[in-house]
Amino acid sequence: MNSQSRSRVSPGYRQVSIGMPAVQLRRAGQALYMEVLEPLQAYPQRLLERLVRWADERPAQTFIARRGKDGEWQRIGYAEMLQRVRCIAQRLMDFDLSVERPLLILSGNDLEHMQLACAAMYAGIPYCPVSPAYSLIARDYDKLQHICTLLQPGLVFAADGEAFGRAIEAVVPSTTPLVLTRGELAGRETLSFASLLCAEACDEADAAFAATGPESIAKFLFTSGSTKLPKAVITTQRMLCANQQMLLQTFPVFAEAPPVLVDWLPWNHTFGGSHNVGIVLYNGGTLYLDDGKPTPQYFAETLRNLREISPTAYLTVPKGWEDLVAALEVDGELRETFFAQMKLFFFAGAGLSQAVWDRLDAVAEAHCGERIRMMAGIGMTETSPSCTFTTGPLSMAGYVGLPAPGCEVKLVPVDGKFEGRFRGPHVMPGYWRSPEQSAAAFDEEGYYCSGDALKLADPECPELGLMFDGRIAEDFKLNTGVFVSVGPLRARVIMAGAPYIQDVVVTAPNRECIGLLVFPQLAACRELAGLGGDAAPEQVLASAKVRDWLGELLERLNLQATGSASRLAWACLMSEPPSLDKGEVTDKGSLNQRAILTCRAERIDALYRGDDPQRVVGH
């Protein structure tokens, strides 16, 4: 632990070692600069130096595990993983792969994916994990085609030839070789994953690893493509290593005992693939792959895993916490395992409602006699991902905390708010093959312009840290010229509407008043309506009890309104869930506000005219 870290003990919270550096602030014109005084300590040149280290120091310890078809955990230890990585890297050398011809991974989290990703980095070959939804759920392949055209991959991997075959045939050139774990595609050059493990000597791969360094591109991660086609974020070895060192100095607890994670978050996203995998690899921990996720179909698998494995930290999106706290409240066996070794909670991807947070604190206090600290912050693909963490003295929804060591924060006035901008070794050099977008992403001082609005938690005490203040691009003006701050308004509605609201979209620019498209928690609404599990969503949401509840919610919220910028004229419960294919939702479950406003424009017009019978009017 560094000299500026100490074991933080807050009343009622489990004791955990968290860094507590002092903050330095300065103003220049209208801009506010913030960074911590603690310097970023030395970090490796390449992330896989950690794999080499742990293979030597703890060779038999499990690095990664996943349940097999028999339900038992299939484990790969550090020494075995290094040997597999070296063999696969040696075989990858045969395909003439490079920055111009990277490895493209179409399928999701599994043991083969991890081995290939590490092998590519070992050989100095960039790889790109793509959202499986682009191949398996999308009705067209526009985003996948864009990715293939931009990257020009020299090798493509998928877990299952049958499942991914249609997408491969649609977008991958017939001359591009394929690696499949299962199956084959007729008329295509196809190798089995198992065949990559047959290398006898690994001299070329070892030499390639020695030649890589901080500037080497580890991978390309694509943004969600909220408003345009996805951008390829260049992710270097320096970015990954620097960010993990930032995390370690912020959370020295990771070095006290090898972290254990049970994690479902997708590796094509920076939270799962860079942040969570990195925590395990950098600190010599163990990663249990969770084939569940917070959906009605798959959450039972997550609970099965958490009843068996005791994580030391748990990281998920707010929907995951919402489902988990409901299970923890009624399942004693789950509580026993889940809290046994727990040190820290994390969430990302969207705001966690205070109601869920309070319930989690209550169940932890009842079981453990103490609460577990919930960590959040600001992070993004372009910053690999972490910039700030909630290690300050506050604990509340919307708080994003203080900069991590090595991250410089700059707040600049933009459209009536303060945009958060970031600089440091964890920030990307730019977007791949997109010089104009790269140039536009940085200001004149080299700070990355995030588009996130931040504000001081207390202007009189700036050392307390920062609050999230919405996405600048989501904010709009009514036709009266009144400015609507979308982020805080959404958070207020979701918090007040618990447990019946999953998310909301605030409508709409250049209108005379504010409306809400409400995406409901159907199970809770079904219970409120007193209807059985076979009741259709339309029937549930049209029930008198649900509509009366929504009207009462609008009335309560409007009692706090201070004018047209916060008064809600109407709301409508959406029976049609957000569409991934239309870009209304990302694969990690967060809503794309702008896409929803565009795709549902006709219905929004009808709602404003009063022609939609599902509209509930506010008073």
# chains A, B, ... in the order shown; residues from 1 in each chain; ligands from 1

$ select_by_dssp --residues "region 495-568 of chain A" --states "strand (DSSP E or B)" --output "JSON, numbers by chain"
{"A": [501, 502, 503, 504, 505, 506, 507, 514, 515, 516, 517, 518, 519, 520, 568]}

$ write_last_selection --atoms "N, CA, C and O atoms" --output "PDB file, in the first residue's frame"
ATOM      1  N   ILE A 501     -40.600   1.084 -12.448  1.00  0.00           N
ATOM      2  CA  ILE A 501     -39.980   1.670 -13.630  1.00  0.00           C
ATOM      3  C   ILE A 501     -38.582   1.088 -13.830  1.00  0.00           C
ATOM      4  O   ILE A 501     -37.772   1.070 -12.902  1.00  0.00           O
ATOM      5  N   GLN A 502     -38.324   0.622 -15.037  1.00  0.00           N
ATOM      6  CA  GLN A 502     -36.987   0.172 -15.414  1.00  0.00           C
ATOM      7  C   GLN A 502     -36.147   1.347 -15.911  1.00  0.00           C
ATOM      8  O   GLN A 502     -35.016   1.533 -15.499  1.00  0.00           O
ATOM      9  N   ASP A 503     -36.702   2.154 -16.819  1.00  0.00           N
ATOM     10  CA  ASP A 503     -35.987   3.317 -17.356  1.00  0.00           C
ATOM     11  C   ASP A 503     -37.003   4.227 -18.028  1.00  0.00           C
ATOM     12  O   ASP A 503     -38.158   3.828 -18.262  1.00  0.00           O
ATOM     13  N   VAL A 504     -36.579   5.438 -18.323  1.00  0.00           N
ATOM     14  CA  VAL A 504     -37.473   6.400 -18.984  1.00  0.00           C
ATOM     15  C   VAL A 504     -36.697   7.173 -20.043  1.00  0.00           C
ATOM     16  O   VAL A 504     -35.473   7.328 -19.964  1.00  0.00           O
ATOM     17  N   VAL A 505     -37.443   7.660 -21.010  1.00  0.00           N
ATOM     18  CA  VAL A 505     -36.917   8.585 -22.007  1.00  0.00           C
ATOM     19  C   VAL A 505     -37.714   9.872 -21.892  1.00  0.00           C
ATOM     20  O   VAL A 505     -38.959   9.847 -21.862  1.00  0.00           O
ATOM     21  N   VAL A 506     -37.013  10.995 -21.808  1.00  0.00           N
ATOM     22  CA  VAL A 506     -37.646  12.296 -21.673  1.00  0.00           C
ATOM     23  C   VAL A 506     -37.857  12.876 -23.065  1.00  0.00           C
ATOM     24  O   VAL A 506     -36.945  12.947 -23.879  1.00  0.00           O
ATOM     25  N   THR A 507     -39.101  13.309 -23.343  1.00  0.00           N
ATOM     26  CA  THR A 507     -39.420  13.922 -24.631  1.00  0.00           C
ATOM     27  C   THR A 507     -39.755  15.391 -24.414  1.00  0.00           C
ATOM     28  O   THR A 507     -40.263  15.754 -23.354  1.00  0.00           O
ATOM     29  N   ILE A 514     -42.904  18.745 -21.469  1.00  0.00           N
ATOM     30  CA  ILE A 514     -42.136  17.502 -21.309  1.00  0.00           C
ATOM     31  C   ILE A 514     -43.088  16.316 -21.177  1.00  0.00           C
ATOM     32  O   ILE A 514     -44.087  16.375 -20.455  1.00  0.00           O
ATOM     33  N   GLY A 515     -42.755  15.240 -21.872  1.00  0.00           N
ATOM     34  CA  GLY A 515     -43.443  13.975 -21.698  1.00  0.00           C
ATOM     35  C   GLY A 515     -42.450  12.882 -21.346  1.00  0.00           C
ATOM     36  O   GLY A 515     -41.230  13.077 -21.425  1.00  0.00           O
ATOM     37  N   LEU A 516     -42.970  11.717 -20.965  1.00  0.00           N
ATOM     38  CA  LEU A 516     -42.119  10.591 -20.588  1.00  0.00           C
ATOM     39  C   LEU A 516     -42.548   9.327 -21.319  1.00  0.00           C
ATOM     40  O   LEU A 516     -43.741   8.983 -21.309  1.00  0.00           O
ATOM     41  N   LEU A 517     -41.603   8.646 -21.940  1.00  0.00           N
ATOM     42  CA  LEU A 517     -41.803   7.276 -22.393  1.00  0.00           C
ATOM     43  C   LEU A 517     -41.241   6.382 -21.290  1.00  0.00           C
ATOM     44  O   LEU A 517     -40.040   6.416 -21.011  1.00  0.00           O
ATOM     45  N   VAL A 518     -42.090   5.611 -20.663  1.00  0.00           N
ATOM     46  CA  VAL A 518     -41.710   4.824 -19.483  1.00  0.00           C
ATOM     47  C   VAL A 518     -41.580   3.354 -19.871  1.00  0.00           C
ATOM     48  O   VAL A 518     -42.548   2.744 -20.350  1.00  0.00           O
ATOM     49  N   PHE A 519     -40.384   2.798 -19.659  1.00  0.00           N
ATOM     50  CA  PHE A 519     -40.167   1.367 -19.859  1.00  0.00           C
ATOM     51  C   PHE A 519     -40.333   0.695 -18.494  1.00  0.00           C
ATOM     52  O   PHE A 519     -39.553   0.940 -17.571  1.00  0.00           O
ATOM     53  N   PRO A 520     -41.372  -0.121 -18.354  1.00  0.00           N
ATOM     54  CA  PRO A 520     -41.747  -0.608 -17.017  1.00  0.00           C
ATOM     55  C   PRO A 520     -41.006  -1.865 -16.601  1.00  0.00           C
ATOM     56  O   PRO A 520     -40.444  -2.593 -17.415  1.00  0.00           O
ATOM     57  N   LEU A 568     -43.967  17.662 -15.685  1.00  0.00           N
ATOM     58  CA  LEU A 568     -44.238  16.555 -16.600  1.00  0.00           C
ATOM     59  C   LEU A 568     -45.694  16.622 -17.060  1.00  0.00           C
ATOM     60  O   LEU A 568     -46.619  16.495 -16.254  1.00  0.00           O
TER      61      LEU A 568
END

$ closest_atom_pairs --of "region 4-117 of chain A" --to "region 191-200 of chain A" --cutoff "12 Å" --atoms "only C-alpha atoms" --output "tab-separated table"
residue	atom	partner	partner_atom	distance
A:Glu80	CA	A:Leu197	CA	11.6
A:Met81	CA	A:Leu197	CA	11.2
A:Leu82	CA	A:Leu197	CA	11.8
A:Gln83	CA	A:Leu197	CA	9.2
A:Arg84	CA	A:Leu197	CA	6.4
A:Val85	CA	A:Leu197	CA	8.5
A:Arg86	CA	A:Ala199	CA	8.6
A:Cys87	CA	A:Ala199	CA	5.1
A:Ile88	CA	A:Leu196	CA	5.2
A:Ala89	CA	A:Leu196	CA	8.5
A:Gln90	CA	A:Ala199	CA	6.5
A:Arg91	CA	A:Leu196	CA	5.9
A:Leu92	CA	A:Leu196	CA	8.0
A:Met93	CA	A:Leu196	CA	10.9
A:Asp94	CA	A:Leu196	CA	10.6
A:Phe95	CA	A:Leu196	CA	11.7
A:Leu111	CA	A:Phe193	CA	10.9
A:Glu112	CA	A:Phe193	CA	7.4
A:His113	CA	A:Phe193	CA	9.8
A:Gln115	CA	A:Phe193	CA	10.0
A:Leu116	CA	A:Phe193	CA	9.0

$ write_last_selection --atoms "N, CA, C and O atoms" --output "PDB file, in the first residue's frame"
ATOM      1  N   GLU A  80      -0.723 -23.010 -16.933  1.00  0.00           N
ATOM      2  CA  GLU A  80      -1.339 -23.636 -18.105  1.00  0.00           C
ATOM      3  C   GLU A  80      -1.793 -22.581 -19.110  1.00  0.00           C
ATOM      4  O   GLU A  80      -1.632 -22.748 -20.324  1.00  0.00           O
ATOM      5  N   MET A  81      -2.362 -21.486 -18.616  1.00  0.00           N
ATOM      6  CA  MET A  81      -2.805 -20.426 -19.520  1.00  0.00           C
ATOM      7  C   MET A  81      -1.633 -19.843 -20.299  1.00  0.00           C
ATOM      8  O   MET A  81      -1.719 -19.625 -21.517  1.00  0.00           O
ATOM      9  N   LEU A  82      -0.526 -19.599 -19.628  1.00  0.00           N
ATOM     10  CA  LEU A  82       0.630 -19.045 -20.327  1.00  0.00           C
ATOM     11  C   LEU A  82       1.111 -20.000 -21.418  1.00  0.00           C
ATOM     12  O   LEU A  82       1.430 -19.560 -22.531  1.00  0.00           O
ATOM     13  N   GLN A  83       1.164 -21.289 -21.118  1.00  0.00           N
ATOM     14  CA  GLN A  83       1.608 -22.233 -22.131  1.00  0.00           C
ATOM     15  C   GLN A  83       0.647 -22.287 -23.313  1.00  0.00           C
ATOM     16  O   GLN A  83       1.060 -22.321 -24.475  1.00  0.00           O
ATOM     17  N   ARG A  84      -0.648 -22.281 -23.034  1.00  0.00           N
ATOM     18  CA  ARG A  84      -1.636 -22.268 -24.106  1.00  0.00           C
ATOM     19  C   ARG A  84      -1.517 -21.000 -24.941  1.00  0.00           C
ATOM     20  O   ARG A  84      -1.596 -21.037 -26.180  1.00  0.00           O
ATOM     21  N   VAL A  85      -1.352 -19.864 -24.276  1.00  0.00           N
ATOM     22  CA  VAL A  85      -1.228 -18.581 -24.972  1.00  0.00           C
ATOM     23  C   VAL A  85      -0.016 -18.578 -25.892  1.00  0.00           C
ATOM     24  O   VAL A  85      -0.085 -18.122 -27.041  1.00  0.00           O
ATOM     25  N   ARG A  86       1.087 -19.089 -25.428  1.00  0.00           N
ATOM     26  CA  ARG A  86       2.298 -19.131 -26.252  1.00  0.00           C
ATOM     27  C   ARG A  86       2.092 -20.010 -27.485  1.00  0.00           C
ATOM     28  O   ARG A  86       2.488 -19.658 -28.599  1.00  0.00           O
ATOM     29  N   CYS A  87       1.451 -21.165 -27.301  1.00  0.00           N
ATOM     30  CA  CYS A  87       1.194 -22.065 -28.431  1.00  0.00           C
ATOM     31  C   CYS A  87       0.274 -21.420 -29.459  1.00  0.00           C
ATOM     32  O   CYS A  87       0.537 -21.465 -30.672  1.00  0.00           O
ATOM     33  N   ILE A  88      -0.810 -20.837 -28.985  1.00  0.00           N
ATOM     34  CA  ILE A  88      -1.754 -20.210 -29.913  1.00  0.00           C
ATOM     35  C   ILE A  88      -1.102 -19.023 -30.610  1.00  0.00           C
ATOM     36  O   ILE A  88      -1.279 -18.817 -31.821  1.00  0.00           O
ATOM     37  N   ALA A  89      -0.330 -18.236 -29.858  1.00  0.00           N
ATOM     38  CA  ALA A  89       0.367 -17.095 -30.461  1.00  0.00           C
ATOM     39  C   ALA A  89       1.287 -17.554 -31.583  1.00  0.00           C
ATOM     40  O   ALA A  89       1.381 -16.905 -32.638  1.00  0.00           O
ATOM     41  N   GLN A  90       1.970 -18.665 -31.355  1.00  0.00           N
ATOM     42  CA  GLN A  90       2.861 -19.196 -32.388  1.00  0.00           C
ATOM     43  C   GLN A  90       2.070 -19.551 -33.652  1.00  0.00           C
ATOM     44  O   GLN A  90       2.504 -19.267 -34.774  1.00  0.00           O
ATOM     45  N   ARG A  91       0.904 -20.151 -33.490  1.00  0.00           N
ATOM     46  CA  ARG A  91       0.080 -20.507 -34.650  1.00  0.00           C
ATOM     47  C   ARG A  91      -0.474 -19.269 -35.331  1.00  0.00           C
ATOM     48  O   ARG A  91      -0.618 -19.233 -36.559  1.00  0.00           O
ATOM     49  N   LEU A  92      -0.782 -18.222 -34.568  1.00  0.00           N
ATOM     50  CA  LEU A  92      -1.293 -16.995 -35.178  1.00  0.00           C
ATOM     51  C   LEU A  92      -0.267 -16.343 -36.093  1.00  0.00           C
ATOM     52  O   LEU A  92      -0.640 -15.611 -37.029  1.00  0.00           O
ATOM     53  N   MET A  93       1.006 -16.608 -35.827  1.00  0.00           N
ATOM     54  CA  MET A  93       2.059 -16.020 -36.664  1.00  0.00           C
ATOM     55  C   MET A  93       1.956 -16.506 -38.117  1.00  0.00           C
ATOM     56  O   MET A  93       2.468 -15.866 -39.029  1.00  0.00           O
ATOM     57  N   ASP A  94       1.258 -17.639 -38.336  1.00  0.00           N
ATOM     58  CA  ASP A  94       1.161 -18.205 -39.682  1.00  0.00           C
ATOM     59  C   ASP A  94       0.169 -17.465 -40.564  1.00  0.00           C
ATOM     60  O   ASP A  94       0.114 -17.720 -41.776  1.00  0.00           O
ATOM     61  N   PHE A  95      -0.630 -16.566 -39.987  1.00  0.00           N
ATOM     62  CA  PHE A  95      -1.718 -15.953 -40.752  1.00  0.00           C
ATOM     63  C   PHE A  95      -1.411 -14.530 -41.221  1.00  0.00           C
ATOM     64  O   PHE A  95      -2.304 -13.849 -41.727  1.00  0.00           O
ATOM     65  N   LEU A 111     -13.837 -19.647 -22.545  1.00  0.00           N
ATOM     66  CA  LEU A 111     -12.423 -19.946 -22.319  1.00  0.00           C
ATOM     67  C   LEU A 111     -11.600 -19.786 -23.595  1.00  0.00           C
ATOM     68  O   LEU A 111     -10.453 -19.325 -23.549  1.00  0.00           O
ATOM     69  N   GLU A 112     -12.173 -20.176 -24.725  1.00  0.00           N
ATOM     70  CA  GLU A 112     -11.445 -20.062 -25.991  1.00  0.00           C
ATOM     71  C   GLU A 112     -11.235 -18.597 -26.358  1.00  0.00           C
ATOM     72  O   GLU A 112     -10.161 -18.218 -26.841  1.00  0.00           O
ATOM     73  N   HIS A 113     -12.249 -17.786 -26.153  1.00  0.00           N
ATOM     74  CA  HIS A 113     -12.137 -16.348 -26.415  1.00  0.00           C
ATOM     75  C   HIS A 113     -10.978 -15.751 -25.611  1.00  0.00           C
ATOM     76  O   HIS A 113     -10.141 -15.013 -26.152  1.00  0.00           O
ATOM     77  N   GLN A 115      -8.352 -17.241 -24.317  1.00  0.00           N
ATOM     78  CA  GLN A 115      -7.057 -17.745 -24.776  1.00  0.00           C
ATOM     79  C   GLN A 115      -6.624 -17.050 -26.077  1.00  0.00           C
ATOM     80  O   GLN A 115      -5.463 -16.671 -26.227  1.00  0.00           O
ATOM     81  N   LEU A 116      -7.558 -16.882 -26.996  1.00  0.00           N
ATOM     82  CA  LEU A 116      -7.235 -16.223 -28.266  1.00  0.00           C
ATOM     83  C   LEU A 116      -6.874 -14.754 -28.055  1.00  0.00           C
ATOM     84  O   LEU A 116      -5.921 -14.251 -28.662  1.00  0.00           O
TER      85      LEU A 116
END

$ residues_around --residues "region 316-325 of chain A" --least-positions-apart "3" --cutoff "10 Å" --atoms "only C-alpha atoms" --output "ChimeraX atom specification"
/A:262-265,271-272,276,293-296,299,302-303,306,328-331,334-335,345-353,355-364,499,502-503,588-590

$ select_by_dssp --residues "region 464-564 of chain A" --states "alpha helix (DSSP H)" --output "MDAnalysis selection string"
chainID A and resid 486:496 522:529 537:541 544:559

$ residues_around --residues "Arg373 (chain A)" --least-positions-apart "5" --cutoff "8 Å" --atoms "only C-alpha atoms" --output "list in words"
Tyr13, Arg14, Lys343, Leu344 and Phe345 of chain A

$ residues_around --residues "region 138-153 of chain A" --least-positions-apart "3" --cutoff "8 Å" --atoms "only C-alpha atoms" --output "PyMOL selection string"
chain A and resi 100-104+133-135+156+167+170-172+176+229-230+433+580-581

$ residues_around --residues "region 219-221 of chain A" --least-positions-apart "6" --cutoff "6 Å" --atoms "only C-alpha atoms" --output "mmCIF file with C-alpha atoms, in the first residue's frame"
data_model
loop_
_atom_site.group_PDB
_atom_site.id
_atom_site.type_symbol
_atom_site.label_atom_id
_atom_site.label_comp_id
_atom_site.auth_asym_id
_atom_site.auth_seq_id
_atom_site.Cartn_x
_atom_site.Cartn_y
_atom_site.Cartn_z
ATOM 1 C CA PRO A 126 -4.501 -6.418 -32.192
ATOM 2 C CA TYR A 127 -7.807 -8.185 -31.702
ATOM 3 C CA CYS A 128 -11.365 -6.922 -31.696
ATOM 4 C CA ALA A 232 -13.150 1.823 -33.228
ATOM 5 C CA VAL A 233 -11.334 2.958 -30.096
ATOM 6 C CA ILE A 234 -7.597 2.257 -30.271
ATOM 7 C CA THR A 235 -6.702 0.570 -26.971
#

$ closest_residue --among "A:Arg304, A:Glu57, A:Met239, A:Tyr298" --to "Glu333 (chain A)" --atoms "only C-alpha atoms"
A:Arg304

$ closest_residue --among "A:Leu478, A:Ala255, A:Ala496, A:Met34" --to "Ser564 (chain A)" --atoms "only C-alpha atoms"
A:Leu478

$ closest_residue --among "A:Arg526, A:Arg58, A:Arg166, A:Arg53" --to "Ala544 (chain A)" --atoms "only C-alpha atoms"
A:Arg526

$ residues_around --residues "Ala457 (chain A)" --least-positions-apart "4" --cutoff "8 Å" --atoms "only C-alpha atoms" --output "MDAnalysis selection string"
chainID A and resid 399 461:462 464:467

$ closest_residue --among "A:Leu456, A:Ala201, A:Ala208, A:Ala473" --to "Pro509 (chain A)" --atoms "only C-alpha atoms"
A:Ala473

$ closest_residue --among "A:Gln437, A:Lys417, A:Arg490, A:Val484" --to "Thr562 (chain A)" --atoms "only C-alpha atoms"
A:Val484

$ atom_distance --atom1 "CA of Pro39 (chain A)" --atom2 "CA of Met20 (chain A)"
12.5 Å

$ atom_distance --atom1 "CA of Leu155 (chain A)" --atom2 "CA of Thr381 (chain A)"
23.7 Å

$ atom_distance --atom1 "CA of Ser98 (chain A)" --atom2 "CA of Asn268 (chain A)"
19.7 Å

$ decode --residues "region 390-399 of chain A" --atoms "all heavy atoms" --output "mmCIF file, in the first residue's frame"
data_model
loop_
_atom_site.group_PDB
_atom_site.id
_atom_site.type_symbol
_atom_site.label_atom_id
_atom_site.label_comp_id
_atom_site.auth_asym_id
_atom_site.auth_seq_id
_atom_site.Cartn_x
_atom_site.Cartn_y
_atom_site.Cartn_z
ATOM 1 N N THR A 390 -15.710 6.766 -6.555
ATOM 2 C CA THR A 390 -16.422 7.342 -5.417
ATOM 3 C C THR A 390 -15.737 6.978 -4.101
ATOM 4 O O THR A 390 -16.358 6.439 -3.185
ATOM 5 C CB THR A 390 -17.889 6.862 -5.406
ATOM 6 O OG1 THR A 390 -17.892 5.428 -5.488
ATOM 7 C CG2 THR A 390 -18.653 7.429 -6.573
ATOM 8 N N THR A 391 -14.465 7.299 -4.010
ATOM 9 C CA THR A 391 -13.721 7.053 -2.774
ATOM 10 C C THR A 391 -13.807 8.227 -1.811
ATOM 11 O O THR A 391 -13.237 8.173 -0.724
ATOM 12 C CB THR A 391 -12.237 6.777 -3.099
ATOM 13 O OG1 THR A 391 -11.733 7.848 -3.903
ATOM 14 C CG2 THR A 391 -12.092 5.477 -3.855
ATOM 15 N N GLY A 392 -14.494 9.275 -2.210
ATOM 16 C CA GLY A 392 -14.659 10.423 -1.331
ATOM 17 C C GLY A 392 -15.621 10.122 -0.198
ATOM 18 O O GLY A 392 -16.110 9.003 -0.039
ATOM 19 N N PRO A 393 -15.952 11.138 0.587
ATOM 20 C CA PRO A 393 -16.741 10.923 1.804
ATOM 21 C C PRO A 393 -18.236 10.772 1.562
ATOM 22 O O PRO A 393 -18.973 10.475 2.492
ATOM 23 C CB PRO A 393 -16.456 12.189 2.619
ATOM 24 C CG PRO A 393 -16.157 13.236 1.589
ATOM 25 C CD PRO A 393 -15.445 12.516 0.473
ATOM 26 N N LEU A 394 -18.696 10.977 0.331
ATOM 27 C CA LEU A 394 -20.125 10.924 0.058
ATOM 28 C C LEU A 394 -20.538 9.545 -0.442
ATOM 29 O O LEU A 394 -19.733 8.819 -1.025
ATOM 30 C CB LEU A 394 -20.511 11.984 -0.977
ATOM 31 C CG LEU A 394 -20.123 13.429 -0.640
ATOM 32 C CD1 LEU A 394 -20.580 14.369 -1.744
ATOM 33 C CD2 LEU A 394 -20.705 13.858 0.701
ATOM 34 N N SER A 395 -21.799 9.203 -0.209
ATOM 35 C CA SER A 395 -22.334 7.938 -0.692
ATOM 36 C C SER A 395 -23.781 8.180 -1.084
ATOM 37 O O SER A 395 -24.669 8.202 -0.235
ATOM 38 C CB SER A 395 -22.228 6.853 0.380
ATOM 39 O OG SER A 395 -22.754 5.634 -0.096
ATOM 40 N N MET A 396 -24.009 8.377 -2.390
ATOM 41 C CA MET A 396 -25.361 8.681 -2.866
ATOM 42 C C MET A 396 -25.430 8.452 -4.366
ATOM 43 O O MET A 396 -24.403 8.400 -5.056
ATOM 44 C CB MET A 396 -25.718 10.138 -2.558
ATOM 45 C CG MET A 396 -24.878 11.146 -3.342
ATOM 46 S SD MET A 396 -25.285 12.860 -2.970
ATOM 47 C CE MET A 396 -24.475 13.043 -1.394
ATOM 48 N N ALA A 397 -26.648 8.275 -4.857
ATOM 49 C CA ALA A 397 -26.845 8.120 -6.292
ATOM 50 C C ALA A 397 -26.395 9.393 -7.003
ATOM 51 O O ALA A 397 -26.695 10.509 -6.570
ATOM 52 C CB ALA A 397 -28.313 7.835 -6.587
ATOM 53 N N GLY A 398 -25.660 9.243 -8.097
ATOM 54 C CA GLY A 398 -25.202 10.377 -8.893
ATOM 55 C C GLY A 398 -23.804 10.847 -8.569
ATOM 56 O O GLY A 398 -23.187 11.565 -9.356
ATOM 57 N N TYR A 399 -23.272 10.436 -7.407
ATOM 58 C CA TYR A 399 -21.922 10.829 -7.027
ATOM 59 C C TYR A 399 -20.914 10.000 -7.812
ATOM 60 O O TYR A 399 -21.021 8.778 -7.886
ATOM 61 C CB TYR A 399 -21.736 10.604 -5.530
ATOM 62 C CG TYR A 399 -20.387 11.003 -4.966
ATOM 63 C CD1 TYR A 399 -19.899 12.294 -5.102
ATOM 64 C CD2 TYR A 399 -19.620 10.075 -4.256
ATOM 65 C CE1 TYR A 399 -18.684 12.657 -4.557
ATOM 66 C CE2 TYR A 399 -18.404 10.431 -3.705
ATOM 67 C CZ TYR A 399 -17.927 11.718 -3.866
ATOM 68 O OH TYR A 399 -16.705 12.072 -3.322
#
